[in-house]
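Structure first, then comments.
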Amino acid sequence: MSTELIVPTLGESITEATVSKWLKNIGDNFEADEPLVEIETDKITVEVPAPHAGSLKEIKVSEGTDVEIGGILGILVESKGKTSSLKKTETKEEKVKEEVKEVKEVKVETKSSPAKSSPSARKIAEENNIKLEDVTSSRSDGRINKEDVVSHLSSSNKTTTNKGEREEVVKMSKIRQTISKRLKEAQNTAAILTTFNEIDMSKVMEIRKSKNQEFQSRYEVKLGFMSFFVKAVVKSLQEYPAVNAEIKDENIIYKNHFDIGIAVGTEKGLVVPILKDADQLSFGEIETKIIDLSTKAKDGTLTMDDLTGGTFTISNGGVYGSMLSTPIINRPQSGILGMHNIQKRAVVVNDEIVIRPMMYVALSYDHRIIDGKESVGFLVKVKELLEDPSELVLGI
């Protein structure tokens, strides 16, 4: 009995995907729920599993080709029960030998740890003929992610660069195409302005230094700067609701929930996973969830739920050494906060010149909905909360 392998629904805003890698060849057997093909949308990369056990009869969409949601990826032949490589005519002795052989093969496979690698890591390794056992994992659990393979490939290419090739043409990925399109749409649609301020990070750094060990023992994560900024942003959004709103047609939609997007740079481009209901999270929960989302972003395992529903975004260019920037808002949101590098600078405090760790911050906003007074007030509020974080810590 033949069945069709269909492109699953991946979210309301997604209408098509690109077949990036077939994981099975025509004639290959598979178990139910075993990944058959990897597809890439404008937001995420996902594996399409087998709806039942069987074999791959026909490939309808080749690698690198676009296909609409609901389209037919391939034709499957259904089999009863689990697919087995054992022949019906095998004797019990032959079956035992085969099982022993399979156990040995599994042991050999665990050496290269294919199960402890992300789909995107396996894809890049296969395309570049890299053995996963040769790649060093940067994670404590030994899982190999995309960045590990890219780093391995980069170090290998240092001695094998082809000096004869002066240019290389690479087709833009779906994610990169969508990033380009949406950034340009944001510039063309919204009236984007940016206001700046600077923050004395002394108090926040003192809290991190004195409480980090206790915090880490309790939550098993380090106390970072992002949790302070998320808390400060939520309180400021509550005071300036227009910054948390969006324009839809001729209406302004004010959001009474605070889902904060955290911009994460990946090998494929920038993605913005969402920290849902950030106003209800503790410092420990925020740091834990941010690490989980960042790891999923870099491993290519983010879900549509991780990427939808944001009301405001925070982008930290400081991790790359940026001192000042003008971030572009993430439509349909109306505001984005840009964090930057912390540097010791001479500042005047109580008529005295002192050395303080300072950070420039930038708020880009849609002037159609947010006035200058509100944008400046919002950023000043963020500054005040971080320079005196007692309100954030005590919750009063």
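Naming works like this for the structure tokens: A, B, ... for the chains as they're shown, residue 1 at the start of each chain, ligands 1 onward in shown order.
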
>> So that I can check the surroundings of range 45-62 of chain A, please list as a ChimeraX atom specification every protein, DNA and RNA residue that reaches within 7 Å of it, counting only C-alpha atoms and ignoring chain neighbours fewer than 2 positions away.
In response: /A:19,25-41,64-65,72-79,81-83,300

> Excluding same-chain residues fewer than 3 positions from Ala263 in chain A, what lies within 9 Å of it counting only C-alpha atoms, as a ChimeraX atom specification?
Replying inline: /A:270-274,294,313-316

> So what do you get for CA of Leu302 in chain A versus CA of Ala245 in chain A, distance-wise?
Replying inline: 25.2 Å

>> Write out as JSON, numbers by chain the set of residues from range 163-278 of chain A that DSSP, computed on the backbone, places in helix (DSSP H, G or I).
In response: {"A": [174, 175, 176, 177, 178, 179, 180, 181, 182, 183, 184, 185, 186, 187, 188, 189, 202, 203, 204, 205, 206, 207, 208, 209, 210, 211, 212, 213, 214, 215, 216, 217, 218, 219, 225, 226, 227, 228, 229, 230, 231, 232, 233, 234, 235, 236, 237, 238, 239, 241, 242, 243, 244, 278]}

Write the residues you've just listed into a file as a CSV table (one decimal), in the first residue's frame, and include C-alpha atoms for each of them.
chain,number,residue,atom,x,y,z
A,174,LYS,CA,15.4,30.5,3.4
A,175,ILE,CA,16.2,32.1,6.7
A,176,ARG,CA,18.6,34.5,5.2
A,177,GLN,CA,16.2,35.5,2.5
A,178,THR,CA,13.5,36.1,5.0
A,179,ILE,CA,15.8,38.1,7.3
A,180,SER,CA,16.7,40.3,4.3
A,181,LYS,CA,13.0,40.8,3.3
A,182,ARG,CA,11.7,41.6,6.7
A,183,LEU,CA,14.5,44.0,7.7
A,184,LYS,CA,13.8,45.9,4.5
A,185,GLU,CA,10.1,45.8,5.1
A,186,ALA,CA,10.6,47.2,8.6
A,187,GLN,CA,12.6,50.1,7.2
A,188,ASN,CA,10.0,50.8,4.4
A,189,THR,CA,6.9,50.4,6.7
A,202,SER,CA,28.4,49.1,38.8
A,203,LYS,CA,25.5,47.9,41.0
A,204,VAL,CA,24.5,45.1,38.7
A,205,MET,CA,28.1,43.9,38.6
A,206,GLU,CA,28.4,44.0,42.4
A,207,ILE,CA,25.3,41.8,42.8
A,208,ARG,CA,26.5,39.3,40.2
A,209,LYS,CA,29.9,39.1,41.9
A,210,SER,CA,28.5,38.6,45.4
A,211,LYS,CA,25.6,36.4,44.6
A,212,ASN,CA,26.7,34.4,41.5
A,213,GLN,CA,28.0,31.4,43.5
A,214,GLU,CA,24.8,31.0,45.5
A,215,PHE,CA,22.7,31.7,42.4
A,216,GLN,CA,24.6,29.0,40.4
A,217,SER,CA,24.3,26.4,43.2
A,218,ARG,CA,20.5,27.0,43.3
A,219,TYR,CA,19.7,27.2,39.6
A,225,PHE,CA,23.2,40.5,32.7
A,226,MET,CA,20.3,39.4,30.5
A,227,SER,CA,18.0,38.6,33.4
A,228,PHE,CA,18.5,42.1,34.8
A,229,PHE,CA,17.7,43.6,31.5
A,230,VAL,CA,14.6,41.5,31.0
A,231,LYS,CA,13.3,42.5,34.4
A,232,ALA,CA,14.0,46.1,33.7
A,233,VAL,CA,12.4,46.0,30.3
A,234,VAL,CA,9.2,44.4,31.6
A,235,LYS,CA,8.8,47.0,34.3
A,236,SER,CA,9.4,49.8,31.8
A,237,LEU,CA,6.9,48.3,29.4
A,238,GLN,CA,4.3,48.2,32.1
A,239,GLU,CA,4.9,52.0,32.6
A,241,PRO,CA,2.5,50.4,27.2
A,242,ALA,CA,2.8,52.0,23.8
A,243,VAL,CA,6.3,50.4,23.5
A,244,ASN,CA,4.7,47.0,24.0
A,278,ALA,CA,8.6,37.1,31.2

>> Neighbouring residues of His257 in chain A were defined as those with any atom within 8 Å, considering only C-alpha atoms; residues of the same chain fewer than 5 positions away were excluded. Please report them as a ChimeraX atom specification.
In response: /A:277,279,311

> Which parts of range 214-373 of chain A does DSSP call strand (DSSP E) when run on the backbone here, written out as a PyMOL selection string?
Replying inline: chain A and resi 245-248+251-254+260-262+264-265+270-271+274-275+312-316+335-339+342-349+352-366

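Minimum distance to Ile355 in chain A across A:Val7, A:Glu63, A:Val382, A:Gln343 (counting only C-alpha atoms) occurs at A:Gln343.
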
> Between CA of Leu307 in chain A and CA of Thr9 in chain A, what is the spacing in Å?
Replying inline: 15.0 Å

>> What's the separation between CA of Ile262 in chain A and CA of Gly321 in chain A, in Å to one decimal place?
In response: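 These two atoms are separated by 17.5 Å.
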
> Which one of A:Glu68, A:Glu287, A:Glu4, A:Asp305 sits closest to Thr18 in chain A if you count only C-alpha atoms?
Replying inline: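 Nearest candidate to Thr18 in chain A out of A:Glu68, A:Glu287, A:Glu4, A:Asp305: A:Glu68.
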
> Of the candidates A:Leu379, A:Leu275, A:Ile14, A:Ile144, which shows the shortest atom-to-atom distance to Gly335 in chain A, using only C-alpha atoms?
Replying inline: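 Of A:Leu379, A:Leu275, A:Ile14, A:Ile144, the one nearest Gly335 in chain A is A:Leu379, counting only C-alpha atoms.
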